[in-house]
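Data from structure_1.txt: compact mmCIF, C-alpha atoms
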```txt
# COMPACT_ATOMS: atom_id res chain seq x y z
CA MET A 24 98.63 141.05 88.86
CA ILE A 25 100.92 139.99 85.99
CA PHE A 26 99.46 142.70 83.74
CA THR A 27 99.91 145.37 86.45
CA ALA A 28 103.54 144.36 87.01
CA THR A 29 104.26 144.46 83.28
CA VAL A 30 102.81 147.97 82.94
CA ALA A 31 104.83 149.18 85.94
CA GLN A 32 108.04 147.75 84.52
CA ALA A 33 107.36 149.41 81.14
CA ASN A 34 106.87 152.78 82.87
CA VAL A 35 110.23 152.41 84.63
CA GLU A 36 111.97 151.68 81.35
CA ASP A 37 110.36 154.76 79.75
CA LEU A 38 111.62 156.87 82.64
CA LEU A 39 115.15 155.46 82.31
CA TYR A 40 115.16 156.26 78.60
CA GLU A 41 113.96 159.82 79.20
CA LYS A 42 116.74 160.37 81.74
CA GLY A 43 119.35 158.93 79.36
CA GLN A 44 120.10 155.93 81.56
CA ILE A 45 119.57 153.53 78.61
CA THR A 46 120.07 153.92 74.88
CA LYS A 47 117.30 154.01 72.30
CA GLU A 48 118.38 150.60 70.99
CA GLU A 49 118.15 149.13 74.52
CA TRP A 50 114.75 150.76 75.04
CA LEU A 51 113.38 149.39 71.72
CA LYS A 52 114.72 145.91 72.56
CA LEU A 53 112.98 145.96 75.96
CA LYS A 54 109.74 147.15 74.35
CA ALA A 55 109.87 144.29 71.83
CA GLU A 56 110.43 141.77 74.64
CA HIS A 57 107.44 143.16 76.55
CA GLU A 58 105.21 142.95 73.48
CA ARG A 59 106.25 139.31 72.98
CA ASP A 60 105.54 138.50 76.65
CA ASP A 61 102.15 140.24 76.46
CA ALA A 62 101.23 138.21 73.37
CA ILE A 63 102.13 134.94 75.15
CA ILE A 64 100.06 135.93 78.20
CA ALA A 65 97.07 136.86 76.01
CA GLU A 66 97.33 133.57 74.09
CA LYS A 67 97.36 131.53 77.31
CA ALA A 68 94.38 133.48 78.66
CA ALA A 69 92.41 132.74 75.49
CA ILE A 70 92.89 128.97 75.87
CA LYS A 71 89.89 127.52 77.71
CA LYS A 72 90.54 124.98 80.42
CA TRP A 73 88.47 121.77 80.46
CA PHE A 74 86.33 123.08 83.32
CA ASP A 75 85.48 126.20 81.31
CA LYS A 76 83.87 124.01 78.64
CA ILE A 77 81.49 122.14 80.97
CA SER A 78 78.30 123.45 82.56
CA ILE A 79 76.45 121.70 85.40
CA ARG A 80 72.80 122.29 86.12
CA GLY A 81 69.80 120.30 87.28
CA TYR A 82 66.52 120.16 89.14
CA VAL A 83 64.74 118.21 91.88
CA GLN A 84 61.04 117.33 92.09
CA ALA A 85 59.64 116.29 95.50
CA ARG A 86 56.02 115.07 95.61
CA TYR A 87 53.32 114.23 98.11
CA THR A 88 50.22 112.29 97.04
CA TYR A 89 46.89 111.74 98.77
CA LEU A 90 44.25 109.23 97.63
CA PRO A 91 40.92 110.21 99.21
CA GLY A 92 39.04 107.21 97.77
CA ASP A 93 40.14 103.89 96.29
CA LYS A 94 43.76 103.42 97.35
CA SER A 95 44.31 100.56 94.91
CA ILE A 96 44.54 102.91 91.93
CA ARG A 97 47.96 102.85 90.27
CA SER A 98 49.92 104.77 87.64
CA GLU A 99 53.14 103.45 86.17
CA TYR A 100 54.38 107.01 85.69
CA ASP A 101 54.25 108.05 89.34
CA ASN A 102 55.16 105.64 92.13
CA THR A 103 53.71 107.99 94.75
CA ILE A 104 50.21 106.96 93.56
CA ARG A 105 49.69 104.00 95.89
CA ASP A 106 48.56 103.15 99.41
CA ASN A 107 50.89 103.90 102.34
CA THR A 108 52.23 106.83 100.38
CA GLY A 109 54.35 109.68 101.68
CA PHE A 110 56.89 112.20 100.53
CA ALA A 111 58.97 110.99 97.60
CA PHE A 112 61.40 112.19 94.97
CA ARG A 113 60.02 111.96 91.46
CA ARG A 114 63.14 113.27 89.75
CA VAL A 115 66.64 114.23 90.91
CA ARG A 116 68.54 115.21 87.79
CA LEU A 117 72.02 116.55 87.06
CA VAL A 118 72.98 117.68 83.56
CA PHE A 119 76.59 117.83 82.40
CA SER A 120 76.96 119.51 79.01
CA GLY A 121 79.43 121.52 77.01
CA ASP A 122 81.11 122.30 73.70
CA ILE A 123 84.19 120.20 73.05
CA THR A 124 84.88 122.11 69.83
CA ASP A 125 82.95 124.59 67.70
CA TRP A 126 81.24 121.67 65.95
CA LEU A 127 81.07 118.98 68.67
CA SER A 128 79.10 119.09 71.94
CA PHE A 129 78.09 116.54 74.56
CA TYR A 130 75.19 116.02 76.99
CA ILE A 131 75.03 113.57 79.92
CA GLN A 132 72.10 113.37 82.34
CA PRO A 133 71.80 110.82 85.18
CA ASP A 134 68.73 110.55 87.42
CA PHE A 135 69.18 109.73 91.10
CA SER A 136 65.56 108.85 91.89
CA GLY A 137 65.02 105.89 89.60
CA ALA A 138 63.26 102.63 90.50
CA VAL A 139 64.64 99.17 89.85
CA PRO A 140 63.26 97.97 86.49
CA GLY A 141 60.47 95.45 86.87
CA THR A 142 59.40 96.58 90.34
CA THR A 143 56.35 98.54 91.41
CA GLY A 144 58.40 101.13 93.26
CA ASP A 145 57.65 99.98 96.82
CA GLY A 146 60.96 100.06 98.66
CA SER A 147 63.03 100.29 95.48
CA ASN A 148 63.43 104.00 94.89
CA ASN A 149 66.33 106.45 94.55
CA PHE A 150 68.66 104.38 92.40
CA ALA A 151 70.92 106.15 89.90
CA GLN A 152 70.01 105.55 86.24
CA LEU A 153 71.30 106.95 82.99
CA ARG A 154 68.82 109.12 81.12
CA ASP A 155 70.86 110.83 78.40
CA ALA A 156 74.36 110.34 77.03
CA TYR A 157 74.91 111.68 73.53
CA ALA A 158 77.07 113.84 71.30
CA ASP A 159 75.88 116.42 68.77
CA ILE A 160 78.04 116.69 65.66
CA PHE A 161 77.36 119.93 63.76
CA MET A 162 78.30 120.61 60.18
CA PRO A 163 81.16 123.12 60.76
CA ILE A 164 80.71 124.78 57.35
CA PRO A 165 77.72 125.43 55.09
CA PHE A 166 76.63 122.12 53.55
CA LEU A 167 74.57 121.96 50.37
CA PHE A 168 71.72 124.42 51.00
CA PHE A 169 72.14 124.38 54.82
CA GLU A 170 73.74 127.24 56.69
CA GLU A 171 76.35 126.71 59.39
CA LYS A 172 75.11 124.58 62.34
CA GLU A 173 71.62 124.13 60.91
CA LEU A 174 72.26 120.42 60.41
CA ARG A 175 73.46 118.11 63.17
CA VAL A 176 73.83 114.40 63.92
CA ARG A 177 73.00 113.16 67.42
CA VAL A 178 74.53 109.84 68.48
CA GLY A 179 73.90 108.01 71.75
CA GLN A 180 71.01 107.64 74.19
CA SER A 181 68.60 110.52 73.80
CA LYS A 182 64.93 111.35 73.38
CA VAL A 183 63.21 109.78 70.39
CA PRO A 184 61.60 112.63 68.40
CA PHE A 185 57.98 111.50 68.54
CA GLY A 186 55.35 114.03 69.61
CA PHE A 187 55.61 117.31 71.48
CA GLU A 188 55.13 116.47 75.16
CA ASN A 189 57.57 113.54 74.98
CA LEU A 190 60.29 115.99 73.95
CA GLN A 191 59.31 118.62 76.49
CA SER A 192 61.54 118.52 79.56
CA SER A 193 59.83 117.54 82.81
CA GLN A 194 61.50 120.62 84.24
CA ASN A 195 59.31 122.77 81.95
CA ARG A 196 56.18 120.65 81.57
CA LEU A 197 53.01 121.95 83.22
CA THR A 198 51.27 118.67 84.11
CA PHE A 199 52.72 116.15 86.57
CA ASP A 200 53.16 113.34 84.04
CA ARG A 201 53.17 112.84 80.30
CA ALA A 202 49.97 111.50 78.77
CA ASP A 203 49.72 107.70 78.46
CA GLY A 204 48.62 107.87 74.83
CA LEU A 205 51.89 109.39 73.61
CA ASN A 206 54.37 108.19 76.23
CA SER A 207 53.39 104.55 75.70
CA ALA A 208 55.06 104.86 72.28
CA VAL A 209 58.51 105.36 73.84
CA ASN A 210 58.62 104.56 77.54
CA GLY A 211 61.07 106.92 79.23
CA GLU A 212 61.06 108.94 75.99
CA ARG A 213 64.59 107.72 75.18
CA ASP A 214 66.49 105.03 73.32
CA LEU A 215 69.91 104.33 71.81
CA GLY A 216 70.35 105.38 68.23
CA MET A 217 71.36 108.01 65.71
CA PHE A 218 69.24 111.01 64.75
CA ILE A 219 69.69 113.76 62.17
CA TYR A 220 68.10 117.15 62.90
CA TYR A 221 67.64 120.18 60.68
CA THR A 222 66.74 123.53 62.27
CA PRO A 223 67.00 126.86 60.41
CA LYS A 224 68.72 129.65 62.30
CA GLU A 225 65.58 131.70 62.96
CA THR A 226 63.59 128.63 64.04
CA ARG A 227 66.38 127.71 66.46
CA LYS A 228 66.06 131.15 68.05
CA LEU A 229 62.29 130.68 68.39
CA PHE A 230 62.70 127.25 70.03
CA LYS A 231 65.04 128.85 72.58
CA LYS A 232 62.68 131.77 73.19
CA LEU A 233 59.79 129.41 73.98
CA VAL A 234 61.84 127.77 76.75
CA ASP A 235 63.63 130.84 78.15
CA SER A 236 60.43 132.91 78.36
CA GLY A 237 58.58 130.28 80.39
CA LEU A 238 56.08 129.45 77.63
CA LYS A 239 56.62 125.69 78.08
CA GLY A 240 58.42 124.97 74.82
CA SER A 241 59.81 121.58 73.84
CA GLY A 242 63.37 122.69 73.04
CA ASP A 243 65.20 122.20 69.76
CA TYR A 244 64.70 118.68 68.40
CA GLY A 245 64.76 119.88 64.85
CA MET A 246 62.16 121.35 62.59
CA LEU A 247 62.76 118.19 60.61
CA GLY A 248 64.26 115.00 61.96
CA VAL A 249 64.88 111.40 61.06
CA GLY A 250 66.37 108.67 63.21
CA VAL A 251 67.19 105.00 63.62
CA TYR A 252 67.10 103.47 67.10
CA ASN A 253 66.95 100.10 68.87
CA GLY A 254 63.25 100.30 69.72
CA GLN A 255 63.24 98.44 73.06
CA THR A 256 62.98 101.74 75.05
CA ILE A 257 65.34 103.24 77.62
CA ASN A 258 68.17 101.25 79.23
CA ILE A 259 67.09 97.92 77.68
CA ASN A 260 69.25 95.91 75.30
CA ASP A 261 68.03 95.38 71.76
CA ARG A 262 66.36 91.98 71.45
CA ASN A 263 66.11 91.62 67.66
CA ASP A 264 67.98 92.73 64.56
CA ASN A 265 65.16 95.04 63.48
CA LYS A 266 65.63 98.75 64.11
CA HIS A 267 62.93 101.38 64.53
CA VAL A 268 62.80 104.34 62.15
CA VAL A 269 61.22 107.65 63.19
CA LEU A 270 60.26 110.75 61.18
CA HIS A 271 59.65 114.08 62.90
CA ALA A 272 58.31 117.38 61.55
CA THR A 273 57.23 120.38 63.61
CA TYR A 274 56.96 124.08 62.82
CA PRO A 275 56.75 126.94 65.34
CA MET A 276 55.69 130.30 63.97
CA GLU A 277 55.16 133.75 65.44
CA LEU A 278 52.05 135.47 64.21
CA PRO A 279 52.06 139.22 63.36
CA TYR A 280 50.55 140.18 66.74
CA GLY A 281 53.13 138.16 68.71
CA GLN A 282 51.16 134.97 69.41
CA ILE A 283 53.22 131.81 68.83
CA ILE A 284 51.79 128.52 67.62
CA GLN A 285 53.40 125.18 66.78
CA PHE A 286 52.07 122.23 64.82
CA GLY A 287 53.49 119.04 63.41
CA VAL A 288 53.30 115.35 62.58
CA ASP A 289 55.41 112.35 63.63
CA ALA A 290 55.61 108.68 62.69
CA TYR A 291 57.66 105.64 63.56
CA ARG A 292 57.79 101.97 62.56
CA GLY A 293 59.69 98.92 63.73
CA THR A 294 59.43 95.48 65.29
CA PHE A 295 59.21 95.35 69.07
CA ASN A 296 60.29 92.20 70.85
CA VAL A 297 57.97 91.27 73.71
CA GLY A 298 60.04 89.61 76.42
CA ALA A 299 59.17 86.54 78.44
CA THR A 300 55.53 86.36 79.48
CA THR A 301 54.17 85.37 82.90
CA PRO A 302 51.01 83.33 83.69
CA LEU A 303 48.24 85.53 85.07
CA THR A 304 47.81 83.20 88.06
CA THR A 305 50.19 80.93 89.90
CA GLY A 306 50.29 77.64 88.05
CA GLY A 307 48.04 79.05 85.34
CA PRO A 308 48.43 78.46 81.60
CA ALA A 309 51.35 80.07 79.80
CA ILE A 310 50.73 83.13 77.66
CA GLY A 311 51.83 82.71 74.05
CA ARG A 312 53.65 85.26 71.89
CA GLU A 313 52.96 85.95 68.25
CA ASN A 314 56.00 85.46 65.98
CA ASN A 315 58.23 84.60 68.97
CA GLY A 316 57.43 88.00 70.45
CA ASN A 317 58.53 90.06 67.42
CA ILE A 318 55.46 92.19 66.77
CA LEU A 319 54.86 95.17 64.48
CA ASP A 320 55.11 98.48 66.34
CA GLU A 321 54.04 101.55 64.36
CA ARG A 322 52.29 104.86 65.00
CA VAL A 323 51.53 108.24 63.49
CA GLY A 324 50.73 111.29 65.61
CA VAL A 325 49.81 114.96 65.26
CA HIS A 326 50.22 117.90 67.63
CA PHE A 327 49.11 121.52 67.88
CA ILE A 328 50.15 124.08 70.52
CA LEU A 329 48.90 127.59 71.12
CA PHE A 330 51.43 128.86 73.64
CA PRO A 331 49.95 130.62 76.71
CA GLN A 332 50.12 134.36 75.93
CA PRO A 333 48.15 134.42 78.20
CA ILE A 334 45.59 131.82 76.99
CA GLY A 335 47.05 128.56 75.73
CA PHE A 336 45.87 125.32 74.19
CA GLN A 337 47.72 122.06 73.63
CA ALA A 338 46.59 118.84 71.95
CA GLU A 339 48.18 115.63 70.69
CA TRP A 340 46.76 112.38 69.36
CA ASN A 341 48.24 109.25 67.83
CA TRP A 342 47.05 106.05 66.17
CA GLY A 343 48.78 102.80 65.28
CA ASN A 344 49.45 99.16 66.01
CA GLY A 345 51.50 97.42 68.63
CA PRO A 346 51.84 94.44 70.96
CA GLN A 347 48.98 93.78 73.36
CA LEU A 348 47.44 90.95 75.37
CA ASN A 349 44.39 89.66 73.51
CA ALA A 350 40.82 89.72 74.85
CA THR A 351 40.98 86.12 76.11
CA ARG A 352 44.32 86.87 77.84
CA THR A 353 46.01 83.87 76.28
CA ARG A 354 48.37 85.44 73.77
CA VAL A 355 50.31 88.65 73.08
CA GLU A 356 49.65 89.74 69.51
CA GLU A 357 49.32 92.82 67.32
CA GLY A 358 46.44 95.16 68.19
CA ASP A 359 45.11 98.64 67.51
CA ILE A 360 46.25 101.67 69.51
CA GLN A 361 44.84 105.16 69.84
CA GLY A 362 45.05 107.93 72.40
CA GLY A 363 46.03 111.46 73.24
CA TYR A 364 45.05 114.53 75.23
CA VAL A 365 43.70 118.06 75.05
CA GLN A 366 44.80 120.76 77.47
CA GLY A 367 43.94 124.36 78.20
CA MET A 368 45.99 126.77 80.33
CA TYR A 369 46.26 130.42 81.30
CA LYS A 370 49.54 132.21 82.14
CA TRP A 371 49.13 135.10 84.56
CA ASP A 372 52.41 136.99 84.90
CA VAL A 373 52.50 138.83 88.23
CA ASN A 374 56.25 139.61 88.37
CA LYS A 375 56.35 140.33 92.07
CA PRO A 376 58.63 138.97 94.79
CA TRP A 377 57.62 135.38 95.62
CA LEU A 378 55.17 135.33 92.73
CA THR A 379 56.55 135.33 89.21
CA SER A 380 53.48 133.82 87.56
CA LEU A 381 50.48 131.54 88.04
CA ILE A 382 49.47 128.97 85.41
CA PRO A 383 46.19 127.13 86.02
CA TYR A 384 45.39 124.29 83.62
CA VAL A 385 42.89 121.57 82.81
CA ARG A 386 43.61 118.39 80.81
CA TYR A 387 41.66 115.42 79.52
CA GLN A 388 43.47 112.32 78.29
CA GLU A 389 42.50 108.88 77.07
CA TYR A 390 44.25 105.80 75.77
CA SER A 391 43.32 102.31 74.62
CA GLY A 392 45.94 99.80 73.57
CA GLY A 393 48.73 97.60 74.85
CA LYS A 394 51.58 98.69 77.11
CA LYS A 395 54.43 97.02 75.24
CA HIS A 396 57.09 97.66 77.87
CA ARG A 397 55.10 95.90 80.62
CA THR A 398 55.20 92.14 81.21
CA ASN A 399 52.55 90.50 78.99
CA SER A 400 51.87 93.85 77.22
CA PRO A 401 48.48 94.18 78.99
CA PHE A 402 45.65 96.00 77.27
CA ASN A 403 45.40 99.41 78.91
CA VAL A 404 42.41 101.72 79.28
CA VAL A 405 42.85 105.31 80.50
CA ARG A 406 40.21 108.02 80.95
CA GLU A 407 41.39 110.90 83.10
CA TRP A 408 40.53 114.51 83.92
CA GLU A 409 43.13 116.66 85.67
CA ILE A 410 42.91 120.23 86.94
CA GLY A 411 45.79 122.01 88.59
CA MET A 412 47.92 125.11 88.96
CA GLU A 413 51.63 125.85 88.82
CA TRP A 414 52.86 128.63 91.09
CA GLN A 415 56.20 129.96 89.87
CA ILE A 416 57.52 131.44 93.08
CA ALA A 417 60.76 132.38 91.34
CA LYS A 418 62.71 131.13 88.35
CA SER A 419 64.47 128.65 90.63
CA LEU A 420 61.43 127.52 92.65
CA GLU A 421 57.99 126.20 91.60
CA PHE A 422 55.04 124.66 93.41
CA THR A 423 52.28 122.67 91.67
CA ILE A 424 49.04 121.25 93.02
CA ALA A 425 46.55 119.17 91.03
CA TYR A 426 43.46 116.99 91.36
CA ALA A 427 42.72 114.13 88.95
CA ARG A 428 39.72 111.87 88.47
CA SER A 429 41.26 108.79 86.95
CA ARG A 430 39.98 105.54 85.48
CA ARG A 431 42.90 103.38 84.39
CA THR A 432 44.15 99.81 84.12
CA ASP A 433 46.61 98.59 86.73
CA THR A 434 49.27 97.41 84.26
CA GLN A 435 51.70 96.44 87.00
CA THR A 436 49.77 93.57 88.59
CA ALA A 437 47.77 90.74 86.97
CA PRO A 438 44.86 90.28 86.31
CA TYR A 439 45.15 93.97 85.25
CA ASN A 440 41.95 95.27 86.80
CA ILE A 441 40.57 98.71 85.91
CA ARG A 442 40.61 101.08 88.91
CA GLU A 443 38.81 104.37 89.33
CA GLY A 444 39.48 107.00 91.93
CA ASP A 445 40.62 110.47 92.93
CA ILE A 446 44.23 111.63 93.11
CA VAL A 447 45.52 114.78 94.83
CA ARG A 448 49.18 115.60 94.29
CA THR A 449 51.56 118.38 95.23
CA GLN A 450 55.05 118.98 93.94
CA LEU A 451 57.88 121.32 94.89
CA GLN A 452 60.52 121.79 92.22
CA TYR A 453 63.76 123.68 92.57
CA ASN A 454 66.13 124.39 89.69
CA PHE A 455 69.83 125.08 89.89
```
Translate this structure into structure tokens?
Amino acid sequence: MIFTATVAQANVEDLLYEKGQITKEEWLKLKAEHERDDAIIAEKAAIKKWFDKISIRGYVQARYTYLPGDKSIRSEYDNTIRDNTGFAFRRVRLVFSGDITDWLSFYIQPDFSGAVPGTTGDGSNNFAQLRDAYADIFMPIPFLFFEEKELRVRVGQSKVPFGFENLQSSQNRLTFDRADGLNSAVNGERDLGMFIYYTPKETRKLFKKLVDSGLKGSGDYGMLGVGVYNGQTININDRNDNKHVVLHATYPMELPYGQIIQFGVDAYRGTFNVGATTPLTTGGPAIGRENNGNILDERVGVHFILFPQPIGFQAEWNWGNGPQLNATRTRVEEGDIQGGYVQGMYKWDVNKPWLTSLIPYVRYQEYSGGKKHRTNSPFNVVREWEIGMEWQIAKSLEFTIAYARSRRTDTQTAPYNIREGDIVRTQLQYNF
């Protein structure tokens, strides 16, 4: 409207000058004033308001679980796996992100379906919890041998760069839950700390392509990364002066015929503080803690991904040491850890209304070692087969169904019995 009025006024002044109603000097003066006003208007239009710098997006996952056999089987990663189950929210996420300047951005993600820490999930769901809150500081100019924005520092609560599936967003992941073998390294995948990431320009484009094209990429957590973090896992205060150090290296590459693969290695080391222990039975003997609960926590892992174009394969494994309840169940001490998974999938792109693509998959996972974030760090055994299919109805709507034959330790309730049974789960996810 302002631009239209300005043009109309200028046309009137031109007409007045042509008819001799104003002098040339007056006409030139009016033209100069209009040019100055136009420049001011253009400058104001170029200034972004605060709400132009922030984007809001998110997703919701609603699940229903059925246990056809033993209803005592439990999984700490999904509170719908229990008796007296029903419909439940697994995740309700909102993401607030934006660029504050050309070299500074922020990312905040709360979850509105969290459980109260320390509970089994019965009657304690749908609490708001902080997942991410960090800033990325980019090098605004070329630095040493790095090009612009290839090097960045991330400060705050964010994902710890260990493994592939841990970094993969649950919004993009194919299976219902992350594998125990890798996720037990960093429960909740996140911690407070500082991380430095290096990603070359072309690799950054490839990371983005793997997510945008629906190939189940992990996102950009650096081709190379190093970080220092508290080590007590998400939303828990540090309980010792020792900090964990993590090293991350992964490399995606596009082969000449278009197939994309990714492979890498990760490692971390620190001292984890095992909190107060609890007797296994009421009035039973106390459980001791090695070195006042400060126990070596270290792992190394490898990963390889053949992205589904249309056939895909994914595998991760890790080995290390960490806190665990000993065989006599009298003391928490350092023990061996190993575990991982292998997964095959097929991506069938249909590209029709109400059917974008179908992705059937099969996964085997196993784990043996302590669960450091659980009371008493119980020794955990997992052997599980899962077969399922994701139906991408549209980009904003997905439906997944899966069957699992699971043999796993109930790490939530002493005396930590091993349960075996069948699990049938469905999930509807909508993105916005």
Please determine, counting all atoms listed in the file, which residue among A:Asp159, A:Glu212, A:Asp200, A:Asp125 has the shortest atom-to-atom distance to Ile104 of chain A.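 Going through A:Asp159, A:Glu212, A:Asp200, A:Asp125 one by one, the smallest distance to Ile104 of chain A is for A:Asp200.
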List every residue of segment 74-132 of chain A that has an atom at most 12 Å from any atom of segment 181-185 of chain A, and for each one report the closest atom pair and its distance in Å to one decimal, counting all atoms listed in the file, with rows sorted by chain and then by increasing residue number, as JSON lines.
```
{"residue": "A:Phe129", "atom": "CA", "partner": "A:Ser181", "partner_atom": "CA", "distance": 11.3}
{"residue": "A:Tyr130", "atom": "CA", "partner": "A:Ser181", "partner_atom": "CA", "distance": 9.2}
{"residue": "A:Ile131", "atom": "CA", "partner": "A:Ser181", "partner_atom": "CA", "distance": 9.4}
{"residue": "A:Gln132", "atom": "CA", "partner": "A:Ser181", "partner_atom": "CA", "distance": 9.7}
```
With C-alpha atoms retained, export the selected residues as a CSV table (one decimal), in the coordinates of the input.
```csv
chain,number,residue,atom,x,y,z
A,129,PHE,CA,78.1,116.5,74.6
A,130,TYR,CA,75.2,116.0,77.0
A,131,ILE,CA,75.0,113.6,79.9
A,132,GLN,CA,72.1,113.4,82.3
```
Between atom CA of Leu381 of chain A and atom CA of Val118 of chain A, measure the distance and give it in Å to one decimal.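 Interatomic distance here is 26.8 Å.
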Option closest in space to Val288 of chain A, from A:Gly393, A:Gly324, A:Pro376, A:Gly179 [counting all atoms listed in the file]: A:Gly324
Pick from A:Asp320, A:Glu170, A:Glu277, A:Asp155 nearest to Val209 of chain A, counting all atoms listed in the file: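 For Val209 of chain A, the nearest of the given residues is A:Asp320.
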